[in-house]
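final.cif follows (mmCIF, C-alpha atoms):
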```
data_target
loop_
_atom_site.label_atom_id
_atom_site.label_comp_id
_atom_site.auth_asym_id
_atom_site.auth_seq_id
_atom_site.Cartn_x
_atom_site.Cartn_y
_atom_site.Cartn_z
CA MET A 1 -14.32 98.66 34.50
CA THR A 2 -14.00 102.44 34.62
CA ASP A 3 -10.55 102.22 33.04
CA LEU A 4 -11.88 99.94 30.29
CA THR A 5 -14.73 102.35 29.61
CA ALA A 6 -12.22 105.17 29.30
CA PHE A 7 -9.97 103.11 27.01
CA TYR A 8 -12.94 102.35 24.78
CA ALA A 9 -14.21 105.93 24.71
CA GLN A 10 -10.77 107.24 23.76
CA ARG A 11 -10.63 104.92 20.77
CA LEU A 12 -14.22 105.24 19.57
CA THR A 13 -14.41 107.25 16.37
CA SER A 14 -16.11 107.45 12.98
CA ALA A 15 -15.14 105.30 10.03
CA ALA A 16 -13.85 108.36 8.16
CA GLU A 17 -11.66 109.42 11.08
CA ALA A 18 -10.35 105.88 11.51
CA ALA A 19 -9.48 105.61 7.82
CA ALA A 20 -7.64 108.95 8.04
CA LEU A 21 -5.19 107.30 10.45
CA ILE A 22 -3.87 105.13 7.60
CA PRO A 23 -1.17 106.99 5.64
CA SER A 24 -0.16 106.62 2.03
CA GLY A 25 2.21 103.70 1.56
CA ALA A 26 0.67 101.69 4.38
CA LYS A 27 0.72 97.90 4.29
CA ILE A 28 -2.74 96.80 5.37
CA ALA A 29 -3.80 93.32 6.45
CA MET A 30 -7.51 93.02 5.67
CA ALA A 31 -9.40 90.32 7.54
CA LEU A 32 -10.55 87.24 5.66
CA GLY A 33 -14.14 86.67 4.52
CA VAL A 34 -16.82 87.57 7.05
CA GLY A 35 -14.25 89.50 9.09
CA GLN A 36 -13.90 92.22 6.45
CA PRO A 37 -15.18 95.51 8.00
CA PRO A 38 -17.69 97.24 5.68
CA ALA A 39 -17.68 100.75 7.15
CA ILE A 40 -13.91 100.98 7.50
CA LEU A 41 -13.24 99.61 4.01
CA LYS A 42 -15.75 102.04 2.48
CA ALA A 43 -14.06 104.93 4.26
CA ILE A 44 -10.65 103.83 2.96
CA ALA A 45 -12.07 103.55 -0.57
CA ASP A 46 -13.67 106.98 -0.28
CA ARG A 47 -10.34 108.53 0.70
CA ALA A 48 -8.59 106.84 -2.21
CA GLU A 49 -11.28 107.97 -4.62
CA ALA A 50 -10.92 111.56 -3.36
CA GLY A 51 -7.15 111.44 -3.84
CA GLN A 52 -6.51 111.80 -0.11
CA VAL A 53 -4.39 108.65 0.12
CA ASP A 54 -2.23 106.71 -2.33
CA ASP A 55 -0.10 103.57 -2.68
CA LEU A 56 -2.03 101.48 -0.17
CA ARG A 57 -0.99 97.84 -0.28
CA VAL A 58 -3.71 95.49 0.93
CA TYR A 59 -2.87 91.89 1.87
CA TYR A 60 -5.58 89.31 2.46
CA LEU A 61 -7.18 85.95 1.68
CA LEU A 62 -10.65 85.25 0.31
CA SER A 63 -12.20 88.63 -0.41
CA THR A 64 -15.98 88.98 -0.43
CA SER A 65 -18.42 91.49 -1.88
CA ILE A 66 -17.62 93.68 1.14
CA ALA A 67 -14.13 94.31 -0.24
CA GLY A 68 -15.21 94.00 -3.86
CA ASP A 69 -17.61 96.93 -3.48
CA THR A 70 -15.07 99.12 -1.67
CA VAL A 71 -11.27 98.81 -1.65
CA LEU A 72 -11.16 96.31 -4.52
CA ARG A 73 -13.11 98.40 -7.01
CA TYR A 74 -11.39 98.33 -10.39
CA GLU A 75 -11.23 102.13 -10.72
CA LEU A 76 -9.21 102.38 -7.49
CA MET A 77 -6.45 100.01 -8.55
CA ASP A 78 -4.02 102.85 -9.32
CA ARG A 79 -4.12 103.91 -5.66
CA ILE A 80 -4.97 100.67 -3.86
CA HIS A 81 -2.80 97.68 -4.73
CA PRO A 82 -4.26 94.26 -3.80
CA TYR A 83 -1.96 91.39 -2.82
CA SER A 84 -4.06 88.24 -2.69
CA LEU A 85 -2.99 85.06 -0.93
CA PHE A 86 -6.21 83.31 -2.00
CA HIS A 87 -8.46 84.48 -4.85
CA SER A 88 -12.23 84.59 -4.93
CA ALA A 89 -14.62 85.64 -7.68
CA VAL A 90 -13.66 89.27 -6.93
CA GLU A 91 -10.06 88.81 -8.10
CA ARG A 92 -11.13 86.70 -11.05
CA ARG A 93 -13.39 89.52 -12.26
CA LEU A 94 -10.63 92.09 -11.80
CA ALA A 95 -8.18 89.89 -13.72
CA ALA A 96 -10.65 89.36 -16.57
CA ARG A 97 -11.35 93.08 -16.91
CA ALA A 98 -7.64 93.98 -16.87
CA HIS A 99 -6.99 91.31 -19.52
CA ASP A 100 -9.84 92.57 -21.70
CA GLU A 101 -8.47 96.11 -21.52
CA GLY A 102 -4.90 95.00 -22.26
CA ARG A 103 -3.78 96.12 -18.85
CA ALA A 104 -1.17 94.48 -16.64
CA PRO A 105 -2.64 92.40 -13.80
CA VAL A 106 -4.10 94.63 -11.10
CA VAL A 107 -4.01 91.95 -8.39
CA GLN A 108 -0.68 90.52 -7.30
CA VAL A 109 -0.60 86.86 -6.21
CA VAL A 110 1.39 85.98 -3.09
CA PRO A 111 1.92 82.16 -3.03
CA THR A 112 1.73 81.15 0.62
CA GLY A 113 0.49 78.15 2.56
CA PHE A 114 -2.26 79.13 4.99
CA GLN A 115 -0.37 78.02 8.10
CA GLN A 116 2.51 80.36 7.24
CA THR A 117 0.30 83.39 6.62
CA PRO A 118 0.68 85.07 10.05
CA ARG A 119 4.47 84.84 9.89
CA VAL A 120 4.57 86.01 6.27
CA LEU A 121 2.34 89.01 7.02
CA CYS A 122 4.06 89.98 10.28
CA GLN A 123 7.72 89.20 9.56
CA GLU A 124 8.32 88.93 5.82
CA ILE A 125 5.94 91.64 4.58
CA GLY A 126 5.74 93.66 7.77
CA VAL A 127 2.14 94.82 7.55
CA ASP A 128 1.62 97.88 9.72
CA THR A 129 -2.18 98.07 9.82
CA LEU A 130 -4.97 95.61 10.58
CA VAL A 131 -8.62 96.24 9.70
CA ALA A 132 -11.17 93.69 10.93
CA THR A 133 -14.65 93.17 12.34
CA VAL A 134 -14.94 92.03 15.96
CA SER A 135 -17.56 91.34 18.60
CA PRO A 136 -18.41 93.94 21.29
CA ILE A 137 -15.98 94.36 24.17
CA ASP A 138 -16.38 91.98 27.13
CA ALA A 139 -16.00 92.60 30.85
CA ASP A 140 -12.25 91.96 30.66
CA GLY A 141 -11.70 94.48 27.87
CA ASN A 142 -11.34 91.95 25.07
CA PHE A 143 -12.84 91.95 21.61
CA SER A 144 -13.33 88.57 19.92
CA PHE A 145 -12.43 88.08 16.27
CA GLY A 146 -15.41 85.69 16.18
CA THR A 147 -15.62 84.06 12.77
CA ASN A 148 -12.07 85.03 11.83
CA THR A 149 -9.25 84.35 14.25
CA ASP A 150 -7.04 82.95 11.41
CA TYR A 151 -4.34 85.57 10.76
CA ALA A 152 -6.21 88.57 12.22
CA GLN A 153 -5.40 87.69 15.82
CA PRO A 154 -1.63 87.22 15.29
CA VAL A 155 -1.39 90.40 13.19
CA SER A 156 -3.16 92.35 15.96
CA ARG A 157 -0.14 91.58 18.19
CA THR A 158 2.40 93.22 15.86
CA ALA A 159 0.65 95.87 13.72
CA LYS A 160 1.27 99.55 14.53
CA ARG A 161 -2.38 100.33 13.83
CA VAL A 162 -5.23 98.02 14.83
CA ILE A 163 -8.50 99.46 13.53
CA LEU A 164 -11.59 97.48 14.47
CA GLU A 165 -15.23 97.58 13.46
CA VAL A 166 -17.39 96.49 16.39
CA ASN A 167 -20.51 94.66 15.29
CA PRO A 168 -22.94 93.14 17.82
CA HIS A 169 -23.85 90.49 15.24
CA MET A 170 -20.29 89.09 15.31
CA PRO A 171 -20.26 86.06 17.65
CA ARG A 172 -18.00 86.01 20.67
CA VAL A 173 -15.86 82.89 20.34
CA PHE A 174 -13.67 81.21 22.93
CA GLY A 175 -10.08 80.09 22.37
CA GLN A 176 -7.09 82.22 21.42
CA SER A 177 -9.27 84.65 19.51
CA THR A 178 -9.16 88.01 21.26
CA VAL A 179 -7.46 91.40 21.25
CA HIS A 180 -7.46 93.72 24.27
CA VAL A 181 -8.77 97.27 23.96
CA SER A 182 -5.41 98.61 25.16
CA ASN A 183 -3.80 97.23 21.97
CA VAL A 184 -6.36 98.86 19.67
CA THR A 185 -5.80 102.13 17.81
CA ALA A 186 -9.38 102.96 16.80
CA VAL A 187 -12.86 101.51 17.17
CA VAL A 188 -15.78 102.05 14.81
CA GLU A 189 -19.26 100.83 15.71
CA ASN A 190 -21.41 99.40 12.94
CA ALA A 191 -24.41 97.20 13.73
CA ILE A 192 -25.29 95.45 10.48
CA PRO A 193 -26.00 91.80 9.65
CA LEU A 194 -22.93 89.71 8.90
CA LEU A 195 -22.28 88.52 5.38
CA GLU A 196 -23.95 85.16 4.80
CA VAL A 197 -22.73 82.57 2.33
CA PRO A 198 -25.46 80.41 0.78
CA LYS A 199 -24.86 76.71 0.48
CA ALA A 200 -23.64 75.60 -2.93
CA ARG A 201 -26.10 73.31 -4.68
CA PRO A 202 -24.64 69.78 -4.87
CA GLN A 203 -24.31 68.05 -8.24
CA PRO A 204 -25.11 64.33 -8.59
CA ALA A 205 -21.36 63.60 -8.59
CA ASP A 206 -21.02 65.36 -5.23
CA THR A 207 -23.54 63.02 -3.65
CA VAL A 208 -21.75 59.95 -5.02
CA ILE A 209 -18.34 61.20 -3.91
CA GLY A 210 -19.73 62.18 -0.51
CA GLY A 211 -21.01 58.66 0.04
CA LEU A 212 -17.69 57.10 -0.98
CA ILE A 213 -15.76 59.36 1.39
CA ALA A 214 -18.17 58.76 4.26
CA GLY A 215 -17.45 55.05 3.83
CA LEU A 216 -13.77 55.74 4.54
CA VAL A 217 -14.48 57.59 7.80
CA GLY A 218 -14.73 55.55 10.97
CA ASP A 219 -16.55 56.47 14.17
CA GLY A 220 -14.41 58.64 16.43
CA ALA A 221 -12.50 60.24 13.55
CA THR A 222 -11.56 63.94 13.66
CA LEU A 223 -12.52 65.89 10.54
CA GLN A 224 -11.21 68.71 8.42
CA MET A 225 -13.38 69.83 5.52
CA GLY A 226 -12.67 72.23 2.70
CA ILE A 227 -15.07 74.64 1.08
CA GLY A 228 -17.91 74.04 -1.38
CA ALA A 229 -20.71 71.69 -2.34
CA LEU A 230 -18.57 68.57 -2.26
CA PRO A 231 -17.49 68.82 1.42
CA ASP A 232 -21.11 69.65 2.28
CA ALA A 233 -22.15 66.43 0.55
CA VAL A 234 -19.62 64.52 2.65
CA CYS A 235 -21.10 66.02 5.82
CA ALA A 236 -24.58 65.00 4.73
CA ALA A 237 -23.38 61.43 4.23
CA LEU A 238 -21.89 61.30 7.74
CA LYS A 239 -25.19 61.72 9.59
CA ASP A 240 -25.18 58.12 10.90
CA HIS A 241 -21.63 58.25 12.29
CA LYS A 242 -20.83 58.55 15.99
CA ASP A 243 -18.49 60.59 18.17
CA LEU A 244 -16.79 62.52 15.38
CA GLY A 245 -14.49 65.41 16.18
CA ILE A 246 -13.56 68.60 14.35
CA HIS A 247 -10.16 70.23 13.85
CA THR A 248 -10.51 72.35 10.71
CA GLU A 249 -9.29 75.58 9.20
CA MET A 250 -12.80 76.38 7.95
CA LEU A 251 -15.91 75.70 9.99
CA THR A 252 -18.79 75.18 7.57
CA PRO A 253 -22.56 74.94 8.01
CA GLY A 254 -22.29 71.24 7.14
CA LEU A 255 -19.97 70.63 10.08
CA VAL A 256 -22.16 72.73 12.38
CA GLU A 257 -25.19 70.65 11.39
CA LEU A 258 -23.27 67.53 12.45
CA MET A 259 -22.62 69.19 15.80
CA LYS A 260 -26.26 70.11 16.26
CA ALA A 261 -27.31 66.54 15.38
CA GLY A 262 -24.97 65.04 17.99
CA VAL A 263 -22.86 63.27 15.35
CA VAL A 264 -19.91 65.46 16.37
CA THR A 265 -19.21 65.21 20.09
CA ASN A 266 -15.42 65.68 20.12
CA ALA A 267 -15.44 63.13 22.94
CA ARG A 268 -12.82 60.88 21.36
CA LYS A 269 -10.39 63.57 20.24
CA SER A 270 -6.85 63.02 21.44
CA LEU A 271 -6.06 66.76 21.22
CA ASN A 272 -8.45 69.40 22.57
CA PRO A 273 -11.03 66.79 23.64
CA GLY A 274 -14.55 68.12 23.87
CA LYS A 275 -13.72 71.09 21.65
CA THR A 276 -14.34 71.91 18.02
CA VAL A 277 -11.24 73.81 16.86
CA PHE A 278 -11.33 76.12 13.82
CA ALA A 279 -9.53 79.11 12.28
CA PHE A 280 -12.35 80.78 10.34
CA CYS A 281 -16.02 80.29 9.61
CA MET A 282 -18.33 81.19 6.73
CA GLY A 283 -22.00 80.30 6.65
CA ASP A 284 -25.45 81.59 7.49
CA ARG A 285 -26.94 83.39 10.46
CA SER A 286 -27.81 80.17 12.27
CA THR A 287 -24.17 79.06 11.96
CA TYR A 288 -22.93 82.31 13.50
CA ASP A 289 -25.52 82.13 16.26
CA TYR A 290 -24.34 78.63 17.13
CA LEU A 291 -20.78 79.90 17.56
CA HIS A 292 -21.71 82.68 19.98
CA GLU A 293 -20.35 81.94 23.45
CA ASN A 294 -20.48 78.20 22.74
CA PRO A 295 -18.11 76.53 25.23
CA GLY A 296 -17.62 73.58 22.90
CA ILE A 297 -16.11 75.70 20.10
CA GLU A 298 -12.71 77.44 20.03
CA GLY A 299 -11.19 79.75 17.47
CA HIS A 300 -7.40 79.70 17.15
CA PRO A 301 -4.83 81.31 14.84
CA VAL A 302 -4.17 79.40 11.65
CA SER A 303 -0.52 79.11 12.68
CA TYR A 304 -1.81 76.67 15.33
CA VAL A 305 -4.79 75.07 13.59
CA ASN A 306 -2.88 74.28 10.39
CA ASP A 307 0.40 73.31 11.99
CA VAL A 308 1.26 69.85 10.63
CA HIS A 309 2.55 68.72 14.01
CA VAL A 310 -0.62 69.91 15.77
CA ILE A 311 -2.90 68.28 13.20
CA GLY A 312 -0.98 65.02 13.51
CA GLN A 313 -1.68 64.85 17.25
CA ASN A 314 -5.34 64.16 16.46
CA ASP A 315 -5.68 60.38 16.18
CA ARG A 316 -7.77 59.15 13.23
CA MET A 317 -7.54 62.55 11.56
CA VAL A 318 -9.36 62.70 8.22
CA SER A 319 -8.85 65.67 5.90
CA VAL A 320 -11.10 66.17 2.88
CA ASN A 321 -10.07 68.67 0.22
CA ALA A 322 -11.05 69.21 -3.39
CA THR A 323 -8.75 69.71 -6.35
CA LEU A 324 -9.24 71.12 -9.83
CA GLU A 325 -6.87 68.77 -11.62
CA ILE A 326 -4.74 65.72 -10.84
CA ASP A 327 -2.06 64.23 -13.07
CA LEU A 328 -1.22 60.59 -13.60
CA ASP A 329 1.61 60.77 -11.06
CA GLY A 330 -0.87 61.95 -8.44
CA ALA A 331 0.18 65.61 -8.20
CA CYS A 332 -2.70 68.05 -7.67
CA CYS A 333 -3.32 71.57 -8.92
CA SER A 334 -6.08 73.07 -6.78
CA GLU A 335 -5.62 76.76 -7.57
CA HIS A 336 -5.14 77.35 -11.32
CA LEU A 337 -7.73 77.13 -14.10
CA ASN A 338 -7.38 77.92 -17.80
CA GLY A 339 -3.93 79.37 -17.26
CA ARG A 340 -4.99 81.81 -14.55
CA GLN A 341 -4.96 81.93 -10.79
CA PHE A 342 -8.38 80.71 -9.66
CA THR A 343 -8.09 80.44 -5.87
CA GLY A 344 -4.92 79.73 -3.88
CA SER A 345 -3.06 76.97 -2.12
CA GLY A 346 -4.86 77.67 1.16
CA GLY A 347 -4.29 75.01 3.80
CA GLN A 348 -4.64 71.95 1.59
CA LEU A 349 -1.06 70.78 1.89
CA ASP A 350 -1.04 71.56 5.63
CA PHE A 351 -3.86 69.09 6.21
CA VAL A 352 -2.72 66.54 3.63
CA ARG A 353 0.54 66.20 5.53
CA GLY A 354 -0.96 66.59 8.99
CA ALA A 355 -3.66 63.98 8.48
CA TYR A 356 -1.20 61.42 7.14
CA ALA A 357 1.06 62.09 10.15
CA SER A 358 -1.85 61.20 12.44
CA ASN A 359 -2.15 57.79 14.07
CA GLY A 360 -4.70 56.05 11.86
CA GLY A 361 -5.22 59.20 9.83
CA GLN A 362 -5.85 59.66 6.14
CA SER A 363 -5.93 62.59 3.75
CA ILE A 364 -8.50 62.49 0.98
CA ILE A 365 -8.39 64.46 -2.25
CA ALA A 366 -11.81 64.64 -3.88
CA CYS A 367 -12.20 65.50 -7.53
CA HIS A 368 -15.00 65.48 -10.07
CA ALA A 369 -13.81 63.30 -12.94
CA THR A 370 -14.84 65.89 -15.52
CA ALA A 371 -15.55 69.58 -16.04
CA LYS A 372 -17.56 71.59 -18.58
CA ALA A 373 -20.49 69.18 -18.71
CA GLY A 374 -18.28 66.13 -19.20
CA THR A 375 -16.21 67.53 -22.06
CA VAL A 376 -12.96 67.97 -20.12
CA SER A 377 -11.17 65.43 -17.94
CA ARG A 378 -9.90 66.62 -14.57
CA ILE A 379 -7.50 63.67 -14.55
CA VAL A 380 -4.75 64.65 -16.97
CA SER A 381 -1.36 63.49 -18.15
CA LYS A 382 0.33 66.72 -16.98
CA LEU A 383 -0.89 69.62 -14.86
CA CYS A 384 -1.48 72.98 -16.54
CA GLY A 385 -0.77 74.98 -13.39
CA PRO A 386 1.35 74.93 -10.22
CA VAL A 387 1.52 71.90 -7.96
CA THR A 388 -0.57 72.54 -4.86
CA THR A 389 -0.10 69.07 -3.38
CA PRO A 390 2.96 67.12 -4.57
CA ARG A 391 2.66 63.53 -5.73
CA ASN A 392 4.75 62.41 -2.75
CA ASP A 393 2.04 63.59 -0.34
CA VAL A 394 -1.18 62.46 -1.98
CA HIS A 395 -2.87 59.59 -0.14
CA MET A 396 -6.49 58.78 -1.05
CA VAL A 397 -8.10 60.07 -4.24
CA VAL A 398 -11.85 59.89 -4.80
CA THR A 399 -13.95 60.64 -7.87
CA GLU A 400 -17.48 59.55 -8.68
CA TYR A 401 -15.89 56.47 -10.29
CA GLY A 402 -14.20 55.14 -7.17
CA VAL A 403 -11.41 55.35 -4.63
CA ALA A 404 -7.65 54.89 -5.02
CA ASN A 405 -4.95 54.78 -2.36
CA LEU A 406 -1.78 56.07 -4.04
CA LYS A 407 0.59 55.45 -1.17
CA GLY A 408 3.12 52.76 -2.00
CA LEU A 409 2.23 52.64 -5.70
CA SER A 410 4.82 53.05 -8.44
CA THR A 411 4.29 55.73 -11.08
CA SER A 412 2.84 53.24 -13.54
CA GLN A 413 0.59 51.74 -10.87
CA ARG A 414 -0.61 55.23 -9.99
CA ALA A 415 -1.35 55.96 -13.62
CA ARG A 416 -3.42 52.80 -13.88
CA ALA A 417 -5.33 53.58 -10.66
CA LEU A 418 -6.05 57.17 -11.67
CA ILE A 419 -7.12 56.24 -15.19
CA GLY A 420 -9.60 53.94 -13.48
CA LEU A 421 -11.02 56.96 -11.65
CA ALA A 422 -11.37 58.99 -14.84
CA ALA A 423 -14.59 59.22 -16.81
CA PRO A 424 -14.81 56.23 -19.20
CA GLN A 425 -14.72 58.40 -22.33
CA PHE A 426 -11.24 59.67 -21.43
CA ARG A 427 -9.55 56.47 -20.32
CA GLU A 428 -8.27 55.37 -23.71
CA GLU A 429 -6.82 58.80 -24.44
CA LEU A 430 -5.17 58.98 -21.02
CA THR A 431 -3.67 55.52 -21.51
CA ALA A 432 -2.21 56.60 -24.85
CA GLN A 433 -0.79 59.80 -23.34
CA ALA A 434 0.74 57.86 -20.46
CA THR A 435 2.48 55.34 -22.69
CA ALA A 436 3.71 58.11 -25.00
CA MET A 437 5.34 59.85 -22.04
CA GLU A 438 6.72 56.68 -20.48
CA PRO A 439 6.94 53.70 -22.85
CA VAL A 440 7.55 51.43 -19.86
CA TYR A 441 3.94 52.12 -18.85
CA ALA A 442 2.71 50.18 -21.89
CA ARG A 443 3.12 46.85 -20.11
CA ASP A 444 1.48 47.95 -16.83
CA LEU A 445 -1.40 49.74 -18.54
CA ALA A 446 -2.15 47.01 -21.05
#
```

Would you write the structure of this file as structure tokens?
Amino acid sequence: MTDLTAFYAQRLTSAAEAAALIPSGAKIAMALGVGQPPAILKAIADRAEAGQVDDLRVYYLLSTSIAGDTVLRYELMDRIHPYSLFHSAVERRLAARAHDEGRAPVVQVVPTGFQQTPRVLCQEIGVDTLVATVSPIDADGNFSFGTNTDYAQPVSRTAKRVILEVNPHMPRVFGQSTVHVSNVTAVVENAIPLLEVPKARPQPADTVIGGLIAGLVGDGATLQMGIGALPDAVCAALKDHKDLGIHTEMLTPGLVELMKAGVVTNARKSLNPGKTVFAFCMGDRSTYDYLHENPGIEGHPVSYVNDVHVIGQNDRMVSVNATLEIDLDGACCSEHLNGRQFTGSGGQLDFVRGAYASNGGQSIIACHATAKAGTVSRIVSKLCGPVTTPRNDVHMVVTEYGVANLKGLSTSQRARALIGLAAPQFREELTAQATAMEPVYARDLA
């Protein structure tokens, strides 16, 4: 323990001194979401603002206000260059301001599936610095990445500089989620409450869709849920199920509530039985407290959690993900809106393919039938953005108007099924668009 104490003391420093270790031209991997380190990021931003560092390239997914108020401030974009693998409201605001000022985009988009992120960051991009929040050191000299094992843990194995912000509020999580003090360059202590993400308020359509999806889930199924009000509504509708399991990239408060209620036991999982497996978590304080030293929960790198072959080893795997738009062939765009990048591909395709590879599994794409207070159909003749999930991979589709299984259907049969899931006021128009594109559809859609 004396050696560990010495290791720790040698690395303990201030945020300003830690930030000074990062040279101009560095390629920085910034932790995702709750794992973003406030003190370190502020110190980096302060150095950039003072002209003490330049040409910093920051790679990350899902920024929060922590990054938005520091390294992703608009006025620093000439010295700090963001490379986003998954947008949040922070990037959308930056893009809107740059557009309004006639400026070239200040945030670069890096299209990458979530499962590939560690390899892309470590091998293709070659990031040299990791900044992340971790739990306090344990008796073995390990820090836990807590809420954010995802790509932070793999990057910590290869980065030249590993700069950590130790926060006693970060839960210590079991699994492959640690970094040893001997592999750390600098440690900054900062005891502040973790960022909390309030639950999104469900719309009436969410409740309907949640009930329809819950009806597709059998007892003993293993779940993956995406982010937002709709997956939360699904969780709420699953309260009477039994012996569910969890293997998910994102652990949400809705899933944690199912664990607390005894609905999730993980007892019937065929892979990692008895364990909830996740890559990252965002929620409230009670969610984080539930994670802390909980032997039934394991954090693992996203390269494992989102591996199609790993996912497929969970029998009765059910993935639930939302999309922004789906065309009449069944292809989904889940990341573009109004001609601009809105989020990112994330792990949707990983779980769509993994769940369908599972014995008795199913992947479910959930979609509100309309947007903008019912004035725009989310079921369209052709997508206006990139394909996040190809038509070949889509299985079940659910809107508030019903459920359709697209597997085994011809293109015209798919069009008919999806038009049936559209809001009634758009069905005639969609039918006309379909037959104009493919006259052969006229017979099947009549």

What residues come out when you apply the PyMOL selection byres ((chain A and resi 31) around 10) to this file, written as an mmCIF file with C-alpha atoms, in the coordinates of the input?
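Now in out-v4.cif:
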```
data_model
loop_
_atom_site.group_PDB
_atom_site.id
_atom_site.type_symbol
_atom_site.label_atom_id
_atom_site.label_comp_id
_atom_site.auth_asym_id
_atom_site.auth_seq_id
_atom_site.Cartn_x
_atom_site.Cartn_y
_atom_site.Cartn_z
ATOM 1 C CA ILE A 28 -2.740 96.800 5.370
ATOM 2 C CA ALA A 29 -3.800 93.320 6.450
ATOM 3 C CA MET A 30 -7.510 93.020 5.670
ATOM 4 C CA LEU A 32 -10.550 87.240 5.660
ATOM 5 C CA GLY A 33 -14.140 86.670 4.520
ATOM 6 C CA VAL A 34 -16.820 87.570 7.050
ATOM 7 C CA GLY A 35 -14.250 89.500 9.090
ATOM 8 C CA GLN A 36 -13.900 92.220 6.450
ATOM 9 C CA PRO A 37 -15.180 95.510 8.000
ATOM 10 C CA TYR A 59 -2.870 91.890 1.870
ATOM 11 C CA TYR A 60 -5.580 89.310 2.460
ATOM 12 C CA LEU A 61 -7.180 85.950 1.680
ATOM 13 C CA LEU A 62 -10.650 85.250 0.310
ATOM 14 C CA SER A 63 -12.200 88.630 -0.410
ATOM 15 C CA ALA A 67 -14.130 94.310 -0.240
ATOM 16 C CA LEU A 130 -4.970 95.610 10.580
ATOM 17 C CA VAL A 131 -8.620 96.240 9.700
ATOM 18 C CA ALA A 132 -11.170 93.690 10.930
ATOM 19 C CA THR A 133 -14.650 93.170 12.340
ATOM 20 C CA PHE A 145 -12.430 88.080 16.270
ATOM 21 C CA ASN A 148 -12.070 85.030 11.830
ATOM 22 C CA THR A 149 -9.250 84.350 14.250
ATOM 23 C CA ASP A 150 -7.040 82.950 11.410
ATOM 24 C CA TYR A 151 -4.340 85.570 10.760
ATOM 25 C CA ALA A 152 -6.210 88.570 12.220
ATOM 26 C CA GLN A 153 -5.400 87.690 15.820
ATOM 27 C CA VAL A 155 -1.390 90.400 13.190
#
```

Q) By how many Å are atom CA of A:Val58 and atom CA of A:Gln341 apart? A) 18.0 Å

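Coordinates place atom CA of A:Gly245 at a distance of 22.4 Å from atom CA of A:Asp206.
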
Q) Which residues fall under the PyMOL selection byres ((chain A and resi 323-333) around 7) in this file, as a ChimeraX atom specification? A) /A:321-322,334-336,365-367,378-383,385-391,394,411,414-415,418

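Applied to the shown file, the PyMOL selection byres ((chain A and resi 395-406) around 7) selects the residues Ala205, Val208, Ile209, Gln362, Ser363, Ile364, Ile365, Ala366, Cys367, His368, Ala369, Asp393, Val394, Lys407, Gly408, Leu409, Arg414, Ala417, Leu421 and Ala422 of chain A.
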
Sorted by chain and rising residue number, which residues of stretch 136-202 of chain A lie within 12 Å of stretch 261-277 of chain A, and what are their closest atom pairs and distances in Å to one decimal, counting only C-alpha atoms, as a tab-separated table?
```
residue	atom	partner	partner_atom	distance
A:Thr147	CA	A:Val277	CA	11.9
A:Thr149	CA	A:Val277	CA	11.0
A:Asp150	CA	A:Val277	CA	11.4
A:Val173	CA	A:Val277	CA	10.8
A:Phe174	CA	A:Val277	CA	9.9
A:Gly175	CA	A:Val277	CA	8.4
A:Gln176	CA	A:Val277	CA	10.4
A:Ser177	CA	A:Val277	CA	11.3
```

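With distances taken over only C-alpha atoms, A:Thr5 is the one residue among A:Thr5, A:Ser14, A:Ser156, A:Thr287 lying closest to A:Ala139.
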
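For the point (-4.8, 55.1, 10.6), the residues with an atom at a distance of at most 9 Å are Asp315, Arg316, Met317, Tyr356, Ser358, Asn359, Gly360, Gly361 and Gln362 of chain A, counting only C-alpha atoms.
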
Q. Contacts of A:His87 at 7 Å or less, counting all atoms listed in the file, minus same-chain residues fewer than 3 places along, as a PyMOL selection string?
A. chain A and resi 61-62+84+91+342-344

Nearby residues, (-22.7, 97.9, 14.3) file frame, 12 Å, all atoms listed in the file, as a PDB file with C-alpha atoms, in the frame of the given file:
```pdb
ATOM      1  CA  SER A  14     -16.110 107.450  12.980  1.00  0.00           C
ATOM      2  CA  ALA A  15     -15.140 105.300  10.030  1.00  0.00           C
ATOM      3  CA  PRO A  37     -15.180  95.510   8.000  1.00  0.00           C
ATOM      4  CA  PRO A  38     -17.690  97.240   5.680  1.00  0.00           C
ATOM      5  CA  ALA A  39     -17.680 100.750   7.150  1.00  0.00           C
ATOM      6  CA  ILE A  40     -13.910 100.980   7.500  1.00  0.00           C
ATOM      7  CA  THR A 133     -14.650  93.170  12.340  1.00  0.00           C
ATOM      8  CA  VAL A 134     -14.940  92.030  15.960  1.00  0.00           C
ATOM      9  CA  SER A 135     -17.560  91.340  18.600  1.00  0.00           C
ATOM     10  CA  PRO A 136     -18.410  93.940  21.290  1.00  0.00           C
ATOM     11  CA  LEU A 164     -11.590  97.480  14.470  1.00  0.00           C
ATOM     12  CA  GLU A 165     -15.230  97.580  13.460  1.00  0.00           C
ATOM     13  CA  VAL A 166     -17.390  96.490  16.390  1.00  0.00           C
ATOM     14  CA  ASN A 167     -20.510  94.660  15.290  1.00  0.00           C
ATOM     15  CA  PRO A 168     -22.940  93.140  17.820  1.00  0.00           C
ATOM     16  CA  HIS A 169     -23.850  90.490  15.240  1.00  0.00           C
ATOM     17  CA  MET A 170     -20.290  89.090  15.310  1.00  0.00           C
ATOM     18  CA  VAL A 187     -12.860 101.510  17.170  1.00  0.00           C
ATOM     19  CA  VAL A 188     -15.780 102.050  14.810  1.00  0.00           C
ATOM     20  CA  GLU A 189     -19.260 100.830  15.710  1.00  0.00           C
ATOM     21  CA  ASN A 190     -21.410  99.400  12.940  1.00  0.00           C
ATOM     22  CA  ALA A 191     -24.410  97.200  13.730  1.00  0.00           C
ATOM     23  CA  ILE A 192     -25.290  95.450  10.480  1.00  0.00           C
ATOM     24  CA  PRO A 193     -26.000  91.800   9.650  1.00  0.00           C
ATOM     25  CA  LEU A 194     -22.930  89.710   8.900  1.00  0.00           C
TER      26      LEU A 194
END
```
